[in-house]
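Pasting protein.cif here (mmCIF, C-alpha atoms):
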```cif
data_target
#
loop_
_atom_site.label_atom_id
_atom_site.label_comp_id
_atom_site.auth_asym_id
_atom_site.auth_seq_id
_atom_site.Cartn_x
_atom_site.Cartn_y
_atom_site.Cartn_z
CA MET A 30 87.27 80.93 85.12
CA LYS A 31 88.97 84.26 85.83
CA GLU A 32 92.28 82.50 86.62
CA LYS A 33 92.25 81.04 83.13
CA LEU A 34 91.83 84.46 81.53
CA VAL A 35 93.76 86.99 83.61
CA ARG A 36 97.23 87.00 85.14
CA THR A 37 98.72 90.28 86.36
CA ASP A 38 101.78 89.25 88.35
CA THR A 39 105.18 90.81 87.57
CA LYS A 40 106.45 87.64 85.89
CA ALA A 41 103.56 87.72 83.41
CA LEU A 42 103.99 91.43 82.64
CA VAL A 43 107.78 91.27 82.20
CA GLY A 44 107.42 87.99 80.29
CA ALA A 45 104.93 89.66 77.94
CA VAL A 46 107.44 92.37 77.08
CA ILE A 47 110.42 90.02 76.65
CA ILE A 48 108.52 87.38 74.67
CA GLY A 49 106.97 90.29 72.71
CA ILE A 50 110.51 91.28 71.68
CA VAL A 51 111.26 87.65 70.69
CA PHE A 52 108.00 87.83 68.69
CA VAL A 53 109.24 90.97 66.88
CA ILE A 54 112.65 89.47 66.06
CA MET A 55 111.18 86.20 64.78
CA GLU A 56 108.58 88.08 62.70
CA GLN A 57 111.38 90.06 61.06
CA VAL A 58 113.41 86.88 60.38
CA THR A 59 110.44 85.03 58.84
CA GLY A 60 109.35 88.22 57.03
CA ARG A 61 112.69 88.36 55.20
CA ILE A 62 112.40 84.70 54.16
CA ASP A 63 108.80 85.28 53.05
CA ALA A 64 109.84 88.34 50.98
CA VAL A 65 111.95 85.97 48.86
CA LEU A 66 109.72 82.88 48.85
CA ASP A 67 106.12 84.19 48.84
CA PRO A 68 105.92 88.01 49.01
CA THR A 69 102.15 88.14 48.55
CA LEU A 70 101.02 85.36 50.89
CA LEU A 71 103.46 85.70 53.83
CA LEU A 72 102.73 82.16 55.01
CA LEU A 73 105.74 81.85 57.34
CA ASN A 74 105.06 85.26 58.80
CA GLY A 75 101.39 84.50 59.36
CA THR A 76 102.23 81.17 60.97
CA CYS A 77 104.84 82.80 63.21
CA TRP A 78 102.28 85.45 64.22
CA ALA A 79 99.61 82.87 65.07
CA PHE A 80 102.10 80.72 66.98
CA PHE A 81 103.37 83.59 69.16
CA THR A 82 99.90 85.02 69.76
CA GLY A 83 98.75 81.63 71.01
CA LEU A 84 101.88 80.79 72.97
CA ILE A 85 101.99 84.09 74.87
CA VAL A 86 98.32 83.78 75.84
CA LEU A 87 98.87 80.21 77.06
CA MET A 88 102.01 81.15 78.98
CA TYR A 89 101.04 84.46 80.56
CA LYS A 90 97.26 84.88 79.85
CA GLN A 91 95.83 88.44 79.56
CA PRO A 92 96.78 91.33 79.50
CA ALA A 93 100.17 89.82 78.59
CA GLY A 94 98.88 88.68 75.19
CA ILE A 95 97.68 92.19 74.36
CA ILE A 96 100.91 93.79 75.66
CA ALA A 97 103.13 91.46 73.58
CA GLY A 98 100.95 92.10 70.52
CA LEU A 99 101.20 95.86 70.99
CA VAL A 100 104.99 95.66 71.43
CA GLU A 101 105.21 93.75 68.13
CA ALA A 102 102.89 96.14 66.28
CA ILE A 103 104.60 99.30 67.55
CA VAL A 104 108.09 98.05 66.65
CA ALA A 105 106.78 96.96 63.23
CA MET A 106 105.42 100.48 62.67
CA ALA A 107 108.59 102.22 63.82
CA THR A 108 110.86 100.04 61.66
CA ALA A 109 108.66 100.01 58.51
CA TYR A 110 108.74 96.25 58.57
CA SER A 111 105.44 96.07 56.69
CA PRO A 112 103.12 98.60 54.97
CA LEU A 113 100.29 97.00 56.96
CA ALA A 114 101.99 97.51 60.33
CA PHE A 115 99.29 99.92 61.55
CA PHE A 116 96.66 97.19 61.16
CA PHE A 117 98.77 94.82 63.27
CA LEU A 118 97.71 96.89 66.30
CA PHE A 119 94.14 95.65 65.82
CA ALA A 120 95.05 92.20 64.49
CA ASN A 121 97.30 91.42 67.46
CA THR A 122 94.89 92.77 70.07
CA ILE A 123 91.73 91.16 68.70
CA GLY A 124 93.48 87.89 67.77
CA SER A 125 94.93 87.58 71.26
CA ILE A 126 91.60 88.30 73.00
CA VAL A 127 89.74 85.79 70.82
CA TYR A 128 92.42 83.15 71.48
CA SER A 129 92.13 83.60 75.26
CA LEU A 130 88.33 83.51 75.15
CA ILE A 131 88.41 80.19 73.30
CA ALA A 132 91.34 78.77 75.30
CA MET A 133 89.59 79.42 78.64
CA LYS A 134 86.80 77.04 77.62
CA PHE A 135 89.17 74.12 77.05
CA SER A 136 91.84 72.24 78.97
CA MET A 137 94.28 72.88 76.06
CA GLU A 138 95.68 69.38 76.39
CA LYS A 139 94.50 68.06 73.02
CA LEU A 140 95.60 69.17 69.57
CA SER A 141 91.97 69.87 68.63
CA HIS A 142 91.77 72.49 71.42
CA HIS A 143 94.81 74.28 70.04
CA ILE A 144 93.47 74.13 66.50
CA LEU A 145 90.08 75.52 67.60
CA ALA A 146 91.68 78.39 69.48
CA GLN A 147 93.94 79.10 66.50
CA ILE A 148 90.94 79.20 64.13
CA GLY A 149 89.40 82.07 66.11
CA CYS A 150 92.70 83.85 66.40
CA THR A 151 93.81 83.58 62.76
CA VAL A 152 90.39 84.38 61.31
CA THR A 153 89.95 87.58 63.31
CA GLY A 154 93.59 88.63 62.95
CA ASN A 155 93.63 88.04 59.22
CA LEU A 156 90.38 89.98 58.82
CA CYS A 157 92.19 93.04 60.23
CA VAL A 158 95.12 92.44 57.86
CA MET A 159 92.60 92.07 55.02
CA ALA A 160 91.28 95.56 55.83
CA GLY A 161 94.88 96.77 55.52
CA LEU A 162 95.33 95.03 52.18
CA ILE A 163 92.21 96.79 50.89
CA TYR A 164 92.83 100.27 52.38
CA VAL A 165 96.62 100.62 52.12
CA ILE A 166 97.65 98.39 49.20
CA HIS A 167 94.31 98.90 47.36
CA LEU A 168 93.93 95.21 46.58
CA ASP A 169 90.62 93.98 45.26
CA TRP A 170 88.57 92.61 48.19
CA LYS A 171 88.30 89.15 46.58
CA ILE A 172 92.07 88.83 46.24
CA ALA A 173 92.58 90.21 49.76
CA LEU A 174 90.06 87.68 51.08
CA LEU A 175 91.74 84.80 49.24
CA SER A 176 95.18 85.81 50.51
CA SER A 177 93.88 86.13 54.10
CA CYS A 178 92.06 82.78 53.90
CA ILE A 179 95.19 80.93 52.73
CA THR A 180 97.32 82.58 55.44
CA ALA A 181 94.69 81.80 58.09
CA LEU A 182 94.40 78.16 57.00
CA VAL A 183 98.15 77.50 56.98
CA GLY A 184 98.58 79.47 60.21
CA THR A 185 95.85 77.54 61.99
CA ILE A 186 97.23 74.09 61.20
CA VAL A 187 100.98 74.71 61.53
CA ALA A 188 100.76 77.12 64.46
CA GLY A 189 98.26 74.84 66.25
CA ILE A 190 100.70 71.91 66.11
CA LEU A 191 103.69 74.09 67.02
CA THR A 192 101.90 75.79 69.93
CA LYS A 193 100.92 72.46 71.45
CA SER A 194 104.42 71.03 71.15
CA VAL A 195 106.34 74.11 72.38
CA TYR A 196 103.89 74.92 75.18
CA GLY A 197 104.06 71.28 76.32
CA SER A 198 107.85 71.31 76.42
CA LEU A 199 107.88 74.68 78.23
CA ARG A 200 105.56 73.27 80.90
CA LYS A 201 107.74 70.18 81.29
CA SER A 202 110.87 72.33 81.61
CA ALA A 203 109.28 74.13 84.63
CA LEU A 204 110.33 77.48 83.19
CA LEU A 205 106.83 78.91 83.43
CA MET B 2 110.64 125.67 69.83
CA GLY B 3 112.32 122.25 69.42
CA LEU B 4 110.60 118.91 69.08
CA SER B 5 111.83 117.84 72.51
CA LYS B 6 109.99 120.81 74.10
CA LEU B 7 106.61 119.53 72.95
CA ASP B 8 104.50 117.41 75.27
CA PRO B 9 104.24 113.71 74.23
CA ARG B 10 100.45 114.12 74.15
CA THR B 11 100.81 116.78 71.44
CA LYS B 12 103.02 114.39 69.48
CA LEU B 13 100.44 111.63 69.94
CA VAL B 14 97.63 113.80 68.54
CA TRP B 15 99.87 114.80 65.61
CA TYR B 16 100.57 111.10 64.99
CA ALA B 17 96.84 110.29 65.11
CA LEU B 18 96.19 113.13 62.65
CA MET B 19 98.79 111.80 60.20
CA ILE B 20 97.40 108.24 60.45
CA TYR B 21 93.89 109.61 59.90
CA PHE B 22 95.03 111.48 56.76
CA SER B 23 96.96 108.48 55.45
CA LEU B 24 93.82 106.33 55.65
CA SER B 25 91.28 108.93 54.52
CA CYS B 26 93.15 110.61 51.63
CA GLN B 27 92.57 108.85 48.31
CA THR B 28 94.51 110.84 45.72
CA THR B 29 98.25 111.03 45.07
CA VAL B 30 98.21 114.85 45.38
CA GLN B 31 96.50 114.78 48.79
CA LEU B 32 98.79 112.07 50.14
CA GLY B 33 101.89 113.74 48.71
CA SER B 34 100.92 117.08 50.30
CA VAL B 35 100.33 115.49 53.73
CA LEU B 36 103.66 113.63 53.52
CA LEU B 37 105.41 116.87 52.58
CA VAL B 38 103.80 118.68 55.54
CA CYS B 39 104.91 115.83 57.84
CA ILE B 40 108.52 116.03 56.55
CA MET B 41 108.53 119.85 56.75
CA ALA B 42 107.24 119.76 60.34
CA SER B 43 110.06 117.39 61.26
CA PHE B 44 112.63 119.58 59.53
CA ILE B 45 111.38 122.80 61.14
CA LEU B 46 111.33 121.28 64.64
CA THR B 47 114.61 119.31 64.51
CA ARG B 48 116.55 121.25 61.82
CA SER B 49 117.71 117.94 60.37
CA LEU B 50 116.32 114.89 58.59
CA LYS B 51 119.39 112.72 59.20
CA GLN B 52 117.54 110.23 61.40
CA TYR B 53 115.30 109.32 58.47
CA LYS B 54 118.20 108.47 56.12
CA SER B 55 117.99 104.78 57.03
CA MET B 56 114.34 104.63 55.95
CA ILE B 57 115.07 105.38 52.27
CA MET B 58 116.36 101.86 51.49
CA ILE B 59 113.53 100.26 53.49
CA LEU B 60 110.97 102.38 51.63
CA VAL B 61 112.46 101.36 48.26
CA LEU B 62 112.02 97.68 49.19
CA LEU B 63 108.54 98.34 50.56
CA GLY B 64 107.61 100.21 47.39
CA LEU B 65 108.90 97.38 45.23
CA GLN B 66 106.78 94.91 47.21
CA ILE B 67 103.61 97.02 46.74
CA LEU B 68 104.39 97.51 43.02
CA ILE B 69 104.80 93.74 42.44
CA VAL B 70 101.53 93.03 44.28
CA GLN B 71 99.65 95.63 42.20
CA LEU B 72 101.18 94.45 38.91
CA ILE B 73 100.13 90.88 39.63
CA PHE B 74 96.71 91.42 41.19
CA CYS B 75 95.28 94.76 39.97
CA ARG B 76 92.29 94.28 37.65
CA GLU B 77 91.21 97.94 37.29
CA GLY B 78 91.51 100.02 34.11
CA VAL B 79 92.33 98.65 30.66
CA LEU B 80 94.59 95.72 29.85
CA ILE B 81 97.92 97.09 28.65
CA TYR B 82 100.13 94.00 28.67
CA GLN B 83 99.62 90.26 28.81
CA TRP B 84 102.19 87.48 29.17
CA GLY B 85 100.64 84.10 29.88
CA ILE B 86 98.48 84.39 32.97
CA LEU B 87 100.19 87.66 33.97
CA LYS B 88 97.95 90.60 33.03
CA ILE B 89 98.96 94.19 33.67
CA TYR B 90 96.18 96.80 33.86
CA SER B 91 96.49 100.56 33.44
CA GLU B 92 95.45 101.35 37.04
CA ALA B 93 98.22 99.21 38.59
CA ILE B 94 100.89 101.95 38.63
CA PRO B 95 98.66 104.80 40.02
CA LEU B 96 97.32 102.44 42.71
CA ALA B 97 100.86 101.33 43.57
CA ILE B 98 101.95 104.99 43.91
CA THR B 99 98.98 105.72 46.22
CA GLY B 100 99.81 102.61 48.27
CA ILE B 101 103.49 103.58 48.52
CA LEU B 102 102.56 107.12 49.62
CA LYS B 103 100.14 105.78 52.25
CA ALA B 104 102.73 103.31 53.59
CA SER B 105 105.44 106.03 53.56
CA LEU B 106 103.22 108.43 55.48
CA ILE B 107 102.34 105.82 58.12
CA PHE B 108 106.00 104.84 58.44
CA PHE B 109 107.30 108.42 58.56
CA ALA B 110 104.71 109.49 61.15
CA SER B 111 105.42 106.37 63.26
CA MET B 112 109.16 106.94 63.16
CA GLN B 113 108.63 110.63 63.97
CA PHE B 114 106.46 109.80 66.98
CA PHE B 115 108.43 106.89 68.42
CA THR B 116 111.84 108.58 68.06
CA SER B 117 110.68 111.97 69.33
CA ALA B 118 110.28 111.08 72.99
CA SER B 119 112.26 109.13 75.58
CA PRO B 120 110.89 105.88 77.10
CA GLN B 121 110.32 107.76 80.36
CA GLU B 122 108.19 110.36 78.57
CA PHE B 123 106.04 107.58 77.12
CA THR B 124 105.70 106.08 80.60
CA LEU B 125 104.67 109.45 82.04
CA MET B 126 102.24 110.01 79.18
CA LEU B 127 100.58 106.65 79.80
CA MET B 128 100.33 107.51 83.50
CA LYS B 129 98.60 110.78 82.59
CA PHE B 130 96.04 108.62 80.76
CA LYS B 131 95.43 106.85 84.11
CA VAL B 132 97.30 103.68 83.13
CA PRO B 133 98.68 102.10 86.36
CA TYR B 134 102.46 102.52 86.63
CA ARG B 135 103.04 98.74 86.62
CA TYR B 136 101.78 98.71 83.02
CA ALA B 137 103.06 102.15 81.97
CA MET B 138 106.66 101.22 82.88
CA LEU B 139 106.62 98.35 80.40
CA ALA B 140 107.13 100.88 77.56
CA GLY B 141 110.58 101.72 78.93
CA LEU B 142 111.33 98.07 79.63
CA SER B 143 110.70 97.07 76.02
CA VAL B 144 112.98 99.84 74.70
CA ARG B 145 115.79 98.73 77.05
CA PHE B 146 115.42 95.02 76.31
CA PHE B 147 115.19 95.21 72.52
CA PRO B 148 118.97 95.55 71.80
CA LEU B 149 119.78 92.95 74.49
CA MET B 150 117.47 90.35 73.01
CA LYS B 151 118.71 91.09 69.50
CA ALA B 152 122.31 90.52 70.65
CA GLU B 153 121.20 87.29 72.32
CA TYR B 154 119.63 86.03 69.09
CA ILE B 155 122.78 86.85 67.12
CA SER B 156 124.93 85.00 69.70
CA ILE B 157 122.64 81.93 69.42
CA MET B 158 122.92 82.04 65.63
CA ASP B 159 126.72 82.29 65.90
CA SER B 160 126.93 79.36 68.31
CA GLN B 161 124.72 77.21 66.06
CA ARG B 162 126.90 78.15 63.08
CA THR B 163 130.04 77.04 64.92
CA ARG B 164 128.27 73.72 65.59
CA GLY B 165 127.95 73.27 61.81
CA LEU B 166 124.47 74.68 61.06
CA LYS B 167 124.51 76.04 57.49
CA MET B 168 123.02 79.55 57.02
CA GLU B 169 123.98 80.55 53.49
CA SER B 170 120.92 80.30 51.24
CA VAL B 171 117.25 81.14 51.87
CA TRP B 172 116.52 77.41 52.21
CA ASP B 173 119.29 77.09 54.85
CA ASN B 174 117.81 80.06 56.72
CA LEU B 175 114.38 78.44 56.59
CA LYS B 176 115.77 75.19 58.01
CA SER B 177 117.69 77.07 60.71
CA ILE B 178 114.59 78.76 62.18
CA ILE B 179 113.73 75.94 64.61
CA PRO B 180 117.32 75.25 65.87
CA THR B 181 117.89 78.95 66.54
CA PHE B 182 114.42 79.90 67.68
CA LEU B 183 113.87 77.28 70.39
CA PRO B 184 117.02 78.07 72.44
CA PHE B 185 116.17 81.76 71.98
CA LEU B 186 112.67 81.26 73.35
CA TYR B 187 113.85 79.23 76.34
CA ARG B 188 116.53 81.79 77.14
CA ALA B 189 113.96 84.59 76.86
CA VAL B 190 111.58 82.82 79.28
CA ARG B 191 114.42 82.27 81.76
CA ARG B 192 115.51 85.90 81.42
CA SER B 193 111.98 87.17 81.99
CA THR B 194 111.70 85.09 85.19
CA GLU B 195 115.01 86.47 86.48
CA THR B 196 114.14 90.06 85.54
CA ALA B 197 110.70 89.84 87.17
CA LEU B 198 112.25 88.50 90.37
CA ALA B 199 114.88 91.26 90.38
CA MET B 200 112.21 93.91 89.82
CA GLU B 201 109.99 92.56 92.61
CA LEU B 202 112.95 92.53 94.99
CA ARG B 203 113.46 96.22 94.19
CA GLY B 204 109.84 96.94 95.15
CA TYR B 205 108.13 96.98 91.74
CA GLY B 206 104.39 96.75 92.21
CA ARG B 207 104.60 96.93 96.01
CA SER B 208 102.69 100.20 96.28
CA ARG B 209 99.92 101.62 94.09
CA THR B 210 101.88 104.73 93.06
CA ARG B 211 105.51 105.70 92.66
CA THR B 212 107.52 108.84 92.07
CA PHE B 213 109.56 109.77 89.00
CA SER B 214 112.57 112.06 88.56
CA SER B 215 110.59 114.23 86.11
CA ALA B 216 106.94 115.12 85.53
CA LEU B 217 104.86 116.09 82.52
CA ALA B 218 103.22 119.50 82.52
CA ILE B 219 101.16 120.54 79.53
CA LYS B 220 101.97 124.07 78.28
CA GLN B 221 99.70 126.71 76.69
CA TYR B 222 101.15 126.13 73.20
CA ASP B 223 100.57 122.37 73.59
CA ILE B 224 96.91 122.98 74.38
CA ALA B 225 96.63 125.33 71.38
CA LEU B 226 98.28 122.79 69.06
CA ILE B 227 96.15 119.87 70.31
CA THR B 228 92.95 121.94 69.91
CA ALA B 229 93.92 122.99 66.39
CA MET B 230 94.74 119.43 65.33
CA LEU B 231 91.53 118.03 66.81
CA LEU B 232 89.57 120.77 65.02
CA VAL B 233 91.17 119.83 61.70
CA MET B 234 90.26 116.19 62.30
CA ILE B 235 86.65 117.03 63.31
CA ILE B 236 86.14 119.36 60.31
CA SER B 237 87.54 116.75 57.93
CA LEU B 238 85.40 114.00 59.44
CA THR B 239 82.27 116.18 59.35
CA SER B 240 82.86 117.08 55.71
CA LYS B 241 83.07 113.37 54.90
CA VAL B 242 80.11 112.24 56.99
CA LEU B 243 77.62 115.14 56.29
CA PRO B 244 77.13 114.40 52.56
CA LEU B 245 76.23 110.80 53.48
CA ILE B 246 73.38 111.87 55.80
#
```
Step by step, read the file and then write its structure as structure tokens.
Amino acid sequence: MKEKLVRTDTKALVGAVIIGIVFVIMEQVTGRIDAVLDPTLLLLNGTCWAFFTGLIVLMYKQPAGIIAGLVEAIVAMATAYSPLAFFFLFANTIGSIVYSLIAMKFSMEKLSHHILAQIGCTVTGNLCVMAGLIYVIHLDWKIALLSSCITALVGTIVAGILTKSVYGSLRKSALL
Amino acid sequence: MGLSKLDPRTKLVWYALMIYFSLSCQTTVQLGSVLLVCIMASFILTRSLKQYKSMIMILVLLGLQILIVQLIFCREGVLIYQWGILKIYSEAIPLAITGILKASLIFFASMQFFTSASPQEFTLMLMKFKVPYRYAMLAGLSVRFFPLMKAEYISIMDSQRTRGLKMESVWDNLKSIIPTFLPFLYRAVRRSTETALAMELRGYGRSRTRTFSSALAIKQYDIALITAMLLVMIISLTSKVLPLI
């Protein structure tokens, strides 16, 4: 069970940092597209977040998932990429831990396993973002909840499918 | 006393204090005063605010985003304008200003903290907090790899463009995410494997401890500053919690 949760070799630690940087860059790319298409929902951004959180956990386990999440949150704070960047610290950490706890119970070979793990991850992560929407942007809690629910729903489905497909191809490529 | 003379732990406590104020202050005056203190502290310690010039444009965009969200969704105060389903309430602008000030304070404090110390100082600070050096050194690694990975992504985008991938409109950019992202991810995984191997061959993680070319030593004024900041935080917290009991 422990092997499915923890991996502390150098490859996992370095991988966490480098994939964490890829995470940051892709979040900024999708964030810019979202700012034009849907500035209030951030569907692409939320999906990208869920996808990377899941993929990093599957590739390198923990603490790599937490490290990559922290790298993303810290760069987001230092570059003012989002007014909610401070809450990403909690969203990324909690989302990643929840994903690994669910993923360790399954073989992660079926799409349903990926969707289940993504549900836990997106719900907890978006709850943290919801707190940010209420405290920083002063949104009404009902609107913040609605926005978080839509982002979580889209993130769960799209990121679940993407994680399964990309993780499968990465395993086949023997790069891991 | 320059900013570089201060211990990173002092800067961390200052950063925590600013984040605490940004989340606990509710009025425009309070938030504006804290932001002003934060800017003044930066100016006094560095004698320049040039490094924050780039943030003005970002803050304008960020402010615009918060303003649009408030104008669309705020339902507090009295209705002052209605156009179809769009309703603008009187509290939208004050709430947007408070939100912008909070976001600005978090951003300014973050930029101040993360640009005030070198990656090695962050590594040493983490080691002082008893984080094993294998993990603490990752802070420096991420700072060194960020520009490299960014250049790699730009080169992938350029090569896809020369192969005929259109990247002119927002829709084109949306469609180009997968063709640019997948090669980027695969390259990143390969690079991380090579870097990890190179680091292990140089002895990374072989022993429990390692030496560094410099060490952190906390000074008297650092202790005084940390104590003062913690006191401010405790007093503020107590004044908020006591009336509730």
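Comparing A:His142, A:Lys193, A:Lys201, A:His167 by their smallest distance to Lys103 (chain B), the closest is A:His167 (using all atoms listed in the file).
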Using all atoms listed in the file, tabulate the residues of chain A lying at most 7 Å from any atom of chain B, each with its closest atom pair and that distance in Å to one decimal, by chain and increasing residue number, as a tab-separated table.
```
residue	atom	partner	partner_atom	distance
A:Thr39	CA	B:Ala197	CA	5.6
A:Lys40	CA	B:Ala197	CA	5.0
A:Val43	CA	B:Ser193	CA	5.9
A:Gly44	CA	B:Ser193	CA	4.9
A:Val46	CA	B:Ser143	CA	5.8
A:Ile47	CA	B:Ser193	CA	6.3
A:Ile48	CA	B:Ala189	CA	6.5
A:Ile50	CA	B:Phe147	CA	6.2
A:Ile62	CA	B:Val171	CA	6.4
A:Thr69	CA	B:Val70	CA	6.5
A:Met106	CA	B:Ser111	CA	5.9
A:Ala107	CA	B:Met112	CA	4.8
A:Ala109	CA	B:Phe108	CA	5.5
A:Pro112	CA	B:Ala104	CA	4.9
A:Tyr164	CA	B:Leu24	CA	7.0
A:Val165	CA	B:Gly100	CA	5.4
A:Ile166	CA	B:Gly100	CA	4.8
A:His167	CA	B:Leu96	CA	6.6
A:Leu168	CA	B:Cys75	CA	6.8
A:Leu204	CA	B:Arg191	CA	6.5
```
Have a look at CA of Ala146 (chain A) and CA of Phe81 (chain A) and let me know their distance in Å, one decimal.
12.8 Å
Which residues are near Ala160 (chain A)? Cut-off 12 Å, all atoms listed in the file, ignore same chain within fewer than 6 positions. Put them as an NGL selection string.
(:A and (113-117 or 119-120 or 153-154 or 166-174 or 176-177)) or (:B and (24))
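When the PyMOL selection byres ((chain A and resi 80) around 9) is evaluated on the file shown here, the picked residues come out as Gly75, Thr76, Cys77, Trp78, Ala79, Phe81, Thr82, Gly83, Leu84, Ile85, Gln147, Gly184, Thr185, Val187, Ala188, Gly189, Ile190, Leu191 and Thr192 of chain A.
Separating CA of Met234 (chain B) from CA of Ser34 (chain B) is a distance of 16.1 Å.
Residues in contact range of Ala132 (chain A), defined as at most 9 Å between only C-alpha atoms, with sequence neighbours fewer than 5 positions away removed, read Lys33, Leu34, Val86, Leu87, Val127, Met137, His142, His143, Leu145 and Ala146 of chain A.
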So what do you get for CA of Met126 (chain B) versus CA of Arg209 (chain B), distance-wise?
17.3 Å
Using all atoms listed in the file: which of A:Asn74, A:Thr122, A:Thr37, A:Thr151 has the shortest distance to Thr59 (chain A):
A:Asn74
Contacts of Cys178 (chain A) within 8 Å, all atoms listed in the file, excl. fewer than 4 positions in-chain, as a PyMOL selection string:
chain A and resi 152+155+174+182
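In terms of minimum interatomic distance to Ile155 (chain B), B:Thr181 ranks closest within B:Leu231, B:Thr181, B:Ile57, B:Tyr21, counting all atoms listed in the file.
Considering all atoms listed in the file, the residue among B:Ser208, B:Leu243, B:Leu226, B:Lys129 positioned nearest to Lys12 (chain B) is B:Leu226.
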